[in-house]
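final_17.cif follows (mmCIF, C-alpha atoms):
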```
data_input
loop_
_atom_site.label_atom_id
_atom_site.label_comp_id
_atom_site.auth_asym_id
_atom_site.auth_seq_id
_atom_site.Cartn_x
_atom_site.Cartn_y
_atom_site.Cartn_z
CA MET A 187 -0.50 -18.00 28.18
CA ALA A 188 -4.27 -18.37 27.96
CA ILE A 189 -4.34 -16.04 24.95
CA PHE A 190 -1.75 -18.12 23.05
CA SER A 191 -3.58 -21.37 23.89
CA ASN A 192 -6.82 -19.91 22.53
CA ILE A 193 -5.12 -18.95 19.25
CA LYS A 194 -4.75 -22.67 18.49
CA HIS A 195 -8.53 -22.91 18.16
CA PHE A 196 -8.48 -20.29 15.36
CA PRO A 197 -6.37 -21.52 12.39
CA ALA A 198 -6.29 -18.05 10.78
CA LEU A 199 -4.86 -16.34 13.87
CA GLN A 200 -2.41 -19.19 14.43
CA ASP A 201 -1.23 -18.94 10.83
CA ILE A 202 -0.65 -15.17 11.11
CA SER A 203 1.07 -15.59 14.48
CA GLU A 204 3.47 -18.17 13.00
CA ALA A 205 4.13 -15.91 10.00
CA MET A 206 5.02 -12.95 12.24
CA GLN A 207 7.57 -15.14 14.02
CA LYS A 208 9.38 -15.53 10.69
CA ALA A 209 9.94 -11.79 10.22
CA SER A 210 13.59 -12.17 9.21
CA LEU A 211 12.64 -14.70 6.52
CA ILE A 212 9.92 -12.37 5.20
CA VAL A 213 12.37 -9.45 4.93
CA PHE A 214 14.93 -11.67 3.18
CA MET A 215 12.35 -12.96 0.66
CA ALA A 216 10.99 -9.47 -0.01
CA TRP A 217 14.47 -7.99 -0.54
CA SER A 218 15.36 -10.95 -2.81
CA ASP A 219 12.29 -10.19 -4.95
CA VAL A 220 13.35 -6.56 -5.32
CA ARG A 221 16.94 -7.49 -6.20
CA ALA A 222 15.84 -10.17 -8.69
CA ARG A 223 13.76 -7.65 -10.62
CA TYR A 224 16.81 -5.42 -11.19
CA LYS A 225 19.39 -8.18 -11.56
CA ARG A 226 22.50 -7.08 -13.53
CA SER A 227 21.29 -3.47 -13.82
CA VAL A 228 23.72 -0.71 -12.88
CA LEU A 229 21.45 1.27 -10.54
CA GLY A 230 19.44 -1.71 -9.29
CA PRO A 231 16.36 -0.73 -7.20
CA PHE A 232 17.37 2.93 -7.52
CA TRP A 233 15.75 2.86 -10.96
CA LEU A 234 12.54 3.19 -8.90
CA THR A 235 13.86 6.42 -7.42
CA LEU A 236 14.92 7.76 -10.80
CA GLY A 237 11.60 6.87 -12.43
CA THR A 238 9.62 8.57 -9.67
CA ALA A 239 11.83 11.67 -9.85
CA VAL A 240 11.42 12.00 -13.63
CA GLY A 241 7.66 11.51 -13.42
CA THR A 242 7.29 14.02 -10.61
CA VAL A 243 9.33 16.72 -12.35
CA GLY A 244 7.62 16.20 -15.70
CA LEU A 245 4.04 16.06 -14.43
CA GLY A 246 4.59 18.71 -11.77
CA PHE A 247 5.92 21.44 -14.02
CA ILE A 248 3.56 20.71 -16.93
CA TRP A 249 0.34 20.43 -14.89
CA SER A 250 1.10 23.34 -12.60
CA GLU A 251 1.56 25.48 -15.71
CA LEU A 252 -1.50 24.02 -17.43
CA PHE A 253 -3.86 24.52 -14.49
CA LYS A 254 -2.23 27.73 -13.23
CA ILE A 255 -1.47 26.28 -9.79
CA ASP A 256 1.38 27.49 -7.59
CA ARG A 257 4.30 25.07 -8.04
CA ASN A 258 5.39 25.38 -4.41
CA THR A 259 2.03 23.92 -3.39
CA PHE A 260 1.27 21.59 -6.29
CA ILE A 261 4.55 19.72 -6.80
CA PRO A 262 5.00 18.55 -3.15
CA THR A 263 1.33 17.49 -3.14
CA LEU A 264 1.77 15.60 -6.41
CA THR A 265 5.03 13.96 -5.31
CA SER A 266 3.69 12.70 -1.99
CA GLY A 267 0.47 11.52 -3.64
CA LEU A 268 2.29 9.60 -6.38
CA ILE A 269 4.67 7.90 -3.94
CA ILE A 270 1.85 6.77 -1.65
CA TRP A 271 -0.29 5.69 -4.60
CA GLN A 272 2.54 3.60 -6.07
CA PHE A 273 2.83 1.82 -2.73
CA ILE A 274 -0.91 1.17 -2.46
CA THR A 275 -1.50 0.17 -6.06
CA GLY A 276 1.61 -2.05 -6.09
CA CYS A 277 0.25 -4.08 -3.19
CA ILE A 278 -3.30 -4.30 -4.53
CA THR A 279 -2.46 -5.04 -8.17
CA GLU A 280 -0.27 -8.02 -7.26
CA SER A 281 -2.63 -9.30 -4.54
CA PRO A 282 -4.87 -11.59 -6.65
CA THR A 283 -1.82 -13.64 -7.75
CA THR A 284 -0.17 -13.73 -4.31
CA PHE A 285 -0.83 -17.42 -3.73
CA SER A 286 -0.86 -18.65 -7.34
CA ARG A 287 2.66 -17.24 -7.89
CA GLN A 288 3.83 -19.19 -4.85
CA ALA A 289 2.05 -22.43 -5.81
CA ALA A 290 5.24 -24.55 -5.77
CA VAL A 291 6.21 -23.24 -2.32
CA ILE A 292 2.70 -23.80 -0.91
CA ARG A 293 2.58 -27.39 -2.19
CA ASN A 294 6.08 -28.42 -1.14
CA LEU A 295 6.98 -26.47 2.00
CA VAL A 296 5.26 -26.22 5.36
CA LEU A 297 5.00 -22.44 5.80
CA PRO A 298 2.19 -20.20 7.10
CA LEU A 299 0.02 -19.12 4.17
CA SER A 300 -0.14 -15.53 5.42
CA ILE A 301 3.62 -15.22 4.96
CA HIS A 302 3.05 -14.55 1.24
CA PRO A 303 0.75 -11.48 1.56
CA ILE A 304 3.04 -10.10 4.28
CA GLN A 305 6.04 -10.60 1.99
CA LEU A 306 4.24 -8.74 -0.81
CA VAL A 307 3.52 -5.73 1.39
CA MET A 308 7.10 -5.80 2.71
CA LYS A 309 8.43 -5.78 -0.85
CA HIS A 310 6.46 -2.64 -1.66
CA LEU A 311 7.55 -1.05 1.62
CA ILE A 312 11.12 -1.48 0.38
CA ASN A 313 10.09 0.16 -2.91
CA LEU A 314 8.49 2.98 -0.90
CA ALA A 315 11.77 3.48 0.97
CA HIS A 316 13.53 3.92 -2.38
CA ASN A 317 11.00 6.55 -3.47
CA LEU A 318 10.87 8.63 -0.27
CA PRO A 319 14.17 10.45 -0.97
CA VAL A 320 12.47 12.02 -4.01
CA PHE A 321 9.89 13.62 -1.74
CA PHE A 322 12.53 14.91 0.69
CA VAL A 323 14.44 16.56 -2.17
CA VAL A 324 11.20 18.13 -3.47
CA ALA A 325 10.30 19.25 0.08
CA ILE A 326 13.64 21.02 0.45
CA VAL A 327 13.52 22.65 -3.00
CA PHE A 328 9.94 23.88 -2.59
CA HIS A 329 10.27 24.84 1.09
CA VAL A 330 7.84 22.37 2.66
CA LYS A 331 7.84 23.05 6.40
CA PHE A 332 8.58 20.00 8.54
CA THR A 333 6.82 20.25 11.90
CA TYR A 334 6.17 18.03 14.90
CA TYR A 335 3.19 16.70 12.95
CA SER A 336 5.65 15.24 10.43
CA LEU A 337 6.55 12.61 13.04
CA LEU A 338 3.02 11.23 12.73
CA VAL A 339 3.94 9.80 9.33
CA VAL A 340 5.29 6.65 11.04
CA PRO A 341 2.13 5.60 12.98
CA CYS A 342 -0.06 6.73 10.07
CA LEU A 343 1.94 4.62 7.62
CA LEU A 344 1.71 1.63 9.98
CA LEU A 345 -2.08 2.01 9.98
CA VAL A 346 -2.10 2.03 6.16
CA VAL A 347 0.12 -1.08 6.18
CA ALA A 348 -2.34 -2.80 8.55
CA ASN A 349 -5.15 -2.05 6.10
CA LEU A 350 -3.14 -3.19 3.09
CA LEU A 351 -2.30 -6.47 4.81
CA TRP A 352 -5.94 -7.51 5.15
CA ILE A 353 -6.75 -6.26 1.64
CA THR A 354 -3.82 -8.22 0.21
CA LEU A 355 -4.77 -11.37 2.12
CA MET A 356 -8.44 -11.13 1.11
CA LEU A 357 -7.69 -10.45 -2.57
CA GLY A 358 -5.09 -13.23 -2.52
CA LEU A 359 -7.65 -15.74 -1.27
CA LEU A 360 -10.27 -14.59 -3.77
CA GLY A 361 -7.72 -14.49 -6.60
CA ALA A 362 -6.61 -18.05 -5.89
CA ARG A 363 -10.20 -19.19 -6.50
CA LEU A 364 -11.28 -16.66 -9.13
CA ARG A 365 -8.45 -16.17 -11.65
CA ASP A 366 -10.32 -13.39 -13.52
CA LEU A 367 -9.92 -11.16 -10.46
CA GLU A 368 -6.31 -10.46 -11.49
CA TYR A 369 -7.44 -8.85 -14.76
CA LEU A 370 -10.35 -7.03 -13.14
CA VAL A 371 -8.10 -5.38 -10.56
CA ALA A 372 -5.50 -4.48 -13.21
CA ALA A 373 -8.23 -2.81 -15.30
CA VAL A 374 -9.84 -0.91 -12.42
CA MET A 375 -6.76 0.49 -10.64
CA PRO A 376 -5.74 3.01 -13.38
CA ILE A 377 -9.29 4.41 -13.35
CA LEU A 378 -9.27 4.65 -9.56
CA MET A 379 -6.10 6.73 -9.75
CA PHE A 380 -8.03 9.58 -11.36
CA LEU A 381 -10.91 9.15 -8.90
CA SER A 382 -8.52 9.35 -5.93
CA PRO A 383 -6.72 12.47 -4.65
CA VAL A 384 -3.32 11.41 -5.98
CA MET A 385 -2.47 14.58 -7.91
CA TYR A 386 -4.50 16.92 -5.73
CA ARG A 387 -5.99 17.14 -2.25
CA PRO A 388 -9.74 16.74 -1.63
CA ASN A 389 -10.06 20.37 -0.47
CA TYR A 390 -9.05 21.46 -3.98
CA LEU A 391 -12.52 20.26 -5.08
CA PRO A 392 -15.08 22.40 -3.23
CA PHE A 393 -18.07 20.97 -5.09
CA SER A 394 -17.24 17.27 -5.04
CA GLN A 395 -15.17 16.98 -1.87
CA LYS A 396 -17.89 15.00 -0.07
CA LEU A 397 -18.06 12.49 -2.92
CA MET A 398 -14.28 12.14 -2.84
CA TRP A 399 -14.41 10.97 0.79
CA LEU A 400 -16.63 8.05 -0.25
CA ASN A 401 -13.54 6.62 -1.94
CA PRO A 402 -11.59 4.53 0.65
CA PHE A 403 -8.33 5.22 -1.19
CA SER A 404 -8.74 8.90 -0.34
CA HIS A 405 -8.38 8.07 3.34
CA LEU A 406 -5.37 5.79 2.79
CA ILE A 407 -3.58 8.53 0.84
CA GLU A 408 -4.48 11.53 3.02
CA ILE A 409 -3.56 9.97 6.36
CA VAL A 410 0.07 9.67 5.19
CA ARG A 411 0.28 12.74 2.94
CA ALA A 412 -0.85 15.23 5.60
CA PRO A 413 2.08 14.59 7.98
CA LEU A 414 4.49 14.43 5.03
CA LEU A 415 3.42 18.00 4.23
CA GLY A 416 3.83 19.03 7.87
CA MET A 417 0.13 19.01 8.77
CA PRO A 418 -1.89 16.83 11.16
CA PRO A 419 -4.16 14.24 9.53
CA SER A 420 -7.86 14.89 9.95
CA LEU A 421 -9.42 12.95 12.83
CA PHE A 422 -12.16 11.95 10.40
CA VAL A 423 -9.56 10.31 8.16
CA VAL A 424 -7.91 8.57 11.13
CA TYR A 425 -11.24 7.20 12.37
CA ILE A 426 -12.15 5.90 8.90
CA ASN A 427 -8.79 4.14 8.60
CA LEU A 428 -9.24 2.58 12.04
CA ALA A 429 -12.77 1.48 11.15
CA MET A 430 -11.59 -0.04 7.86
CA CYS A 431 -8.84 -1.88 9.74
CA VAL A 432 -11.17 -3.37 12.37
CA LEU A 433 -13.97 -4.32 9.96
CA GLY A 434 -11.61 -5.47 7.22
CA TRP A 435 -9.58 -7.73 9.49
CA SER A 436 -12.74 -9.16 11.06
CA MET A 437 -14.15 -10.20 7.67
CA THR A 438 -10.80 -11.40 6.36
CA LEU A 439 -10.05 -13.56 9.40
CA ILE A 440 -13.49 -15.21 9.17
CA PHE A 441 -12.99 -15.92 5.46
CA PHE A 442 -9.38 -17.07 5.95
CA ASN A 443 -10.48 -19.36 8.77
CA LYS A 444 -12.97 -21.08 6.46
CA LYS A 445 -10.88 -21.29 3.28
CA LYS A 446 -7.31 -21.72 4.57
CA THR A 447 -7.21 -25.46 3.86
CA ARG A 448 -8.55 -24.97 0.30
CA VAL A 449 -5.82 -22.65 -0.97
CA ALA A 450 -3.38 -25.50 -1.80
CA LEU A 451 -6.09 -27.10 -3.95
CA TRP A 452 -6.99 -23.85 -5.71
CA VAL A 453 -3.43 -22.96 -6.76
#
```

Write-out of the structure in C-alpha cells:
Amino acid sequence: MAIFSNIKHFPALQDISEAMQKASLIVFMAWSDVRARYKRSVLGPFWLTLGTAVGTVGLGFIWSELFKIDRNTFIPTLTSGLIIWQFITGCITESPTTFSRQAAVIRNLVLPLSIHPIQLVMKHLINLAHNLPVFFVVAIVFHVKFTYYSLLVVPCLLLVVANLLWITLMLGLLGARLRDLEYLVAAVMPILMFLSPVMYRPNYLPFSQKLMWLNPFSHLIEIVRAPLLGMPPSLFVVYINLAMCVLGWSMTLIFFNKKKTRVALWV
C-alpha cells in the first residue's frame, strides 16, 4: 500500500499506472485504428501480411542472387529483419504526432496522457502479429531450426516493447511542442534502415561490425531476430537493451513529470 500511496506524489507514474488499468480500452482503441485503416477492403489487415510476403520474396530472391548469398541463410534473415524493423519504425515514425492527433480527446476527456503512446505501440503489435505468419512460412520453406532458444522471443520482444514505450512517450512529448520533429523523424528513418542490420546481421560485416553496434536499433533488432532464427541473443545485446530501458525510462519519467500539464496547451 505504501508503494501505491507514494505514486500519487509522482504525476508521471500515477498517469502510467492509471493507463495500465485501462488495458481493455487500449486494446479496443488500437484494434479500431487498425480496422479503420482497412475499412471496406476485402482482406482487411491481412493486406499487411500480403505486402510483407511480396516484399520478402522479391527482395530475398533478387538480393541473394545479386550478392551471391545462400538463400537458405539470407531470406530468413531478411524476413525477420524486415518484420521487426516495420514494427520499430512504425512506432517511432508516428510518435511525434501521438498527442497532436488526439488533441480533441485530450481537451475533452479525462484520460491518462500515457494511454496514447501505449495505444500506438499496441496498434503496431497487432500489425506485427499479422506479419509474423510470413516469417513462419519462410522458416518452414528454408528449414530454419526452431530450438528451445526460440521461446526467448517472447521476453525479448517484451523488452523491445518496454524500450519503444519510453521512446514513443518521449518523442510524443517533444513532438507536441516541436512540430518539425515529425518531418525530421520521417526523413531520418529511411536512412537509418540502411545503417541498421535489417537485411543482414552484424557478423556479416567483419570490418565495420563494431561501428554497427553503436547504432541502438541494431540491439533492438538483434535481440528479437536471434531467437526467431533459433539462436540465443548475445548477452551484450541483452545488457544494452536493459540499460537503454532503465536510462530511457528514467529520463522520460523526469521529463513527463515536468511537462505533463503542458501537453493540453501544446496540442

inquiry  = Between A:Cys431, A:His302, A:Arg293, A:Gly267, which residue has the minimum interatomic distance to Ser382 of chain A, considering all atoms listed in the file?
reply    = A:Gly267

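The interatomic distance for the pair atom CA of Ile304 of chain A and atom CA of Ala362 of chain A works out to 16.1 Å.
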
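Coordinates place atom CA of Thr279 of chain A at a distance of 9.5 Å from atom CA of Leu370 of chain A.
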
inquiry  = Residues within 9 Å of Leu350 of chain A, please, as a list of chain:residue names. Count all atoms listed in the file; anything in the same chain fewer than 4 positions from it doesn't count.
reply    = A:Ile274, A:Cys277, A:Ile278, A:Val307, A:Leu345, A:Val346, A:Thr354, A:Leu355, A:Cys431

Using C-alpha atoms, can you write the selected residues to a file as a CSV table (one decimal), in the coordinates of the input?
```csv
chain,number,residue,atom,x,y,z
A,274,ILE,CA,-0.9,1.2,-2.5
A,277,CYS,CA,0.2,-4.1,-3.2
A,278,ILE,CA,-3.3,-4.3,-4.5
A,307,VAL,CA,3.5,-5.7,1.4
A,345,LEU,CA,-2.1,2.0,10.0
A,346,VAL,CA,-2.1,2.0,6.2
A,354,THR,CA,-3.8,-8.2,0.2
A,355,LEU,CA,-4.8,-11.4,2.1
A,431,CYS,CA,-8.8,-1.9,9.7
```

request  = Tell me which residues the PyMOL selection byres ((chain A and resi 262) around 12) grabs here, as a ChimeraX atom specification.
outcome  = /A:239,242-243,245-247,250,256-261,263-269,318,320-331,384-387,411-412,414-416

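Atom CA of Gln207 of chain A sits 23.1 Å away from atom CA of Ala315 of chain A.
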
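Minimum atom-to-atom distances from A:Arg448, A:Arg221, A:His310, A:His405 to Tyr425 of chain A were compared using all atoms listed in the file, and the lowest value belongs to A:His405.
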
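Counting all atoms listed in the file and comparing A:Val339, A:Val453, A:Leu378, A:Ala372, the residue that lies closest to Ala289 of chain A is A:Val453.
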
inquiry  = Please enumerate the residues selected by the PyMOL selection byres ((chain A and resi 334-337) around 7) when evaluated against the supplied file, formatted as a PyMOL selection string.
reply    = chain A and resi 332-333+338-340+413-414+416-418

task = Identify the residues around (3.5, -21.0, 4.7) within a radius of 12 Å, measuring from only C-alpha atoms in the coordinates stated by the file, and give them as an NGL selection string.
result = :A and (198 or 200-208 or 211-212 or 285 or 288-305 or 446-447 or 449-450)

request  = Tell me which protein, DNA and RNA residues are within 9 Å of Ser404 of chain A, counting all atoms listed in the file, leaving out same-chain ones fewer than 3 positions away, and put them as a list of chain:residue names.
outcome  = A:Leu381, A:Ser382, A:Pro383, A:Val384, A:Arg387, A:Pro388, A:Met398, A:Trp399, A:Leu400, A:Asn401, A:Ile407, A:Glu408, A:Ile409, A:Val423

Contacts of segment 437-443 of chain A at 7 Å (only C-alpha atoms; same-chain gap of 4+ positions) as a ChimeraX atom specification = /A:196-198,352,356,433

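Distance check against Phe403 of chain A using all atoms listed in the file: of A:Phe273, A:Tyr224, A:Trp435, A:Tyr369, the minimum falls on A:Phe273.
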
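Nearest-residue note for Met375 of chain A: choosing from A:Leu397, A:Leu351, A:Leu252, A:Gln272, the minimum distance belongs to A:Gln272, counting only C-alpha atoms.
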
Could you add the missing atoms to segment 327-338 of chain A, up to all heavy atoms, and return them as an mmCIF file, in the coordinates of the input?
```cif
data_model
loop_
_atom_site.group_PDB
_atom_site.id
_atom_site.type_symbol
_atom_site.label_atom_id
_atom_site.label_comp_id
_atom_site.auth_asym_id
_atom_site.auth_seq_id
_atom_site.Cartn_x
_atom_site.Cartn_y
_atom_site.Cartn_z
ATOM 1 N N VAL A 327 13.494 21.685 -1.882
ATOM 2 C CA VAL A 327 13.520 22.650 -3.000
ATOM 3 C C VAL A 327 12.327 23.594 -2.937
ATOM 4 O O VAL A 327 12.461 24.799 -3.189
ATOM 5 C CB VAL A 327 13.544 21.891 -4.349
ATOM 6 C CG1 VAL A 327 13.348 22.871 -5.522
ATOM 7 C CG2 VAL A 327 14.854 21.129 -4.512
ATOM 8 N N PHE A 328 11.154 23.064 -2.570
ATOM 9 C CA PHE A 328 9.940 23.880 -2.590
ATOM 10 C C PHE A 328 9.511 24.325 -1.185
ATOM 11 O O PHE A 328 8.366 24.720 -0.972
ATOM 12 C CB PHE A 328 8.807 23.114 -3.287
ATOM 13 C CG PHE A 328 9.047 22.933 -4.763
ATOM 14 C CD1 PHE A 328 9.608 21.756 -5.241
ATOM 15 C CD2 PHE A 328 8.755 23.943 -5.654
ATOM 16 C CE1 PHE A 328 9.849 21.587 -6.598
ATOM 17 C CE2 PHE A 328 8.986 23.787 -7.009
ATOM 18 C CZ PHE A 328 9.547 22.611 -7.483
ATOM 19 N N HIS A 329 10.433 24.244 -0.238
ATOM 20 C CA HIS A 329 10.270 24.840 1.090
ATOM 21 C C HIS A 329 9.046 24.312 1.850
ATOM 22 O O HIS A 329 8.266 25.080 2.408
ATOM 23 C CB HIS A 329 10.175 26.372 0.977
ATOM 24 C CG HIS A 329 11.267 26.977 0.162
ATOM 25 N ND1 HIS A 329 12.583 26.972 0.560
ATOM 26 C CD2 HIS A 329 11.244 27.578 -1.061
ATOM 27 C CE1 HIS A 329 13.329 27.566 -0.362
ATOM 28 N NE2 HIS A 329 12.551 27.933 -1.361
ATOM 29 N N VAL A 330 8.890 22.991 1.834
ATOM 30 C CA VAL A 330 7.840 22.370 2.660
ATOM 31 C C VAL A 330 8.310 22.421 4.112
ATOM 32 O O VAL A 330 9.431 22.022 4.429
ATOM 33 C CB VAL A 330 7.579 20.917 2.233
ATOM 34 C CG1 VAL A 330 6.590 20.251 3.196
ATOM 35 C CG2 VAL A 330 7.048 20.868 0.814
ATOM 36 N N LYS A 331 7.469 22.901 4.995
ATOM 37 C CA LYS A 331 7.840 23.050 6.400
ATOM 38 C C LYS A 331 7.616 21.737 7.153
ATOM 39 O O LYS A 331 6.495 21.240 7.213
ATOM 40 C CB LYS A 331 7.022 24.168 7.052
ATOM 41 C CG LYS A 331 7.330 25.557 6.503
ATOM 42 C CD LYS A 331 6.491 26.613 7.201
ATOM 43 C CE LYS A 331 6.796 28.006 6.660
ATOM 44 N NZ LYS A 331 5.965 29.042 7.327
ATOM 45 N N PHE A 332 8.687 21.194 7.693
ATOM 46 C CA PHE A 332 8.580 20.000 8.540
ATOM 47 C C PHE A 332 8.288 20.452 9.968
ATOM 48 O O PHE A 332 8.981 21.304 10.518
ATOM 49 C CB PHE A 332 9.861 19.179 8.476
ATOM 50 C CG PHE A 332 10.094 18.531 7.141
ATOM 51 C CD1 PHE A 332 11.019 19.045 6.253
ATOM 52 C CD2 PHE A 332 9.366 17.418 6.763
ATOM 53 C CE1 PHE A 332 11.233 18.459 5.018
ATOM 54 C CE2 PHE A 332 9.564 16.818 5.528
ATOM 55 C CZ PHE A 332 10.498 17.338 4.653
ATOM 56 N N THR A 333 7.245 19.883 10.554
ATOM 57 C CA THR A 333 6.820 20.250 11.900
ATOM 58 C C THR A 333 6.782 18.995 12.774
ATOM 59 O O THR A 333 7.118 17.895 12.334
ATOM 60 C CB THR A 333 5.426 20.893 11.864
ATOM 61 O OG1 THR A 333 4.466 19.890 11.451
ATOM 62 C CG2 THR A 333 5.378 22.060 10.875
ATOM 63 N N TYR A 334 6.336 19.193 14.019
ATOM 64 C CA TYR A 334 6.170 18.030 14.900
ATOM 65 C C TYR A 334 5.136 17.056 14.340
ATOM 66 O O TYR A 334 5.199 15.855 14.611
ATOM 67 C CB TYR A 334 5.748 18.493 16.299
ATOM 68 C CG TYR A 334 6.854 19.194 17.060
ATOM 69 C CD1 TYR A 334 6.760 20.542 17.397
ATOM 70 C CD2 TYR A 334 7.993 18.497 17.442
ATOM 71 C CE1 TYR A 334 7.775 21.186 18.092
ATOM 72 C CE2 TYR A 334 9.020 19.123 18.144
ATOM 73 C CZ TYR A 334 8.906 20.473 18.461
ATOM 74 O OH TYR A 334 9.915 21.092 19.140
ATOM 75 N N TYR A 335 4.198 17.577 13.565
ATOM 76 C CA TYR A 335 3.190 16.700 12.950
ATOM 77 C C TYR A 335 3.813 15.742 11.945
ATOM 78 O O TYR A 335 3.242 14.680 11.654
ATOM 79 C CB TYR A 335 2.111 17.532 12.263
ATOM 80 C CG TYR A 335 1.276 18.359 13.211
ATOM 81 C CD1 TYR A 335 1.202 19.743 13.084
ATOM 82 C CD2 TYR A 335 0.546 17.755 14.239
ATOM 83 C CE1 TYR A 335 0.430 20.505 13.949
ATOM 84 C CE2 TYR A 335 -0.226 18.511 15.113
ATOM 85 C CZ TYR A 335 -0.277 19.887 14.959
ATOM 86 O OH TYR A 335 -1.039 20.640 15.822
ATOM 87 N N SER A 336 4.978 16.101 11.411
ATOM 88 C CA SER A 336 5.650 15.240 10.430
ATOM 89 C C SER A 336 6.007 13.888 11.042
ATOM 90 O O SER A 336 6.095 12.878 10.337
ATOM 91 C CB SER A 336 6.903 15.921 9.892
ATOM 92 O OG SER A 336 6.591 17.162 9.281
ATOM 93 N N LEU A 337 6.208 13.858 12.368
ATOM 94 C CA LEU A 337 6.550 12.610 13.040
ATOM 95 C C LEU A 337 5.399 11.605 13.013
ATOM 96 O O LEU A 337 5.604 10.399 13.193
ATOM 97 C CB LEU A 337 6.961 12.881 14.495
ATOM 98 C CG LEU A 337 8.188 13.785 14.693
ATOM 99 C CD1 LEU A 337 8.397 14.055 16.174
ATOM 100 C CD2 LEU A 337 9.439 13.158 14.086
ATOM 101 N N LEU A 338 4.191 12.108 12.780
ATOM 102 C CA LEU A 338 3.020 11.230 12.730
ATOM 103 C C LEU A 338 3.009 10.346 11.497
ATOM 104 O O LEU A 338 2.181 9.439 11.395
ATOM 105 C CB LEU A 338 1.734 12.067 12.767
ATOM 106 C CG LEU A 338 1.445 12.815 14.073
ATOM 107 C CD1 LEU A 338 0.222 13.714 13.898
ATOM 108 C CD2 LEU A 338 1.226 11.842 15.219
#
```
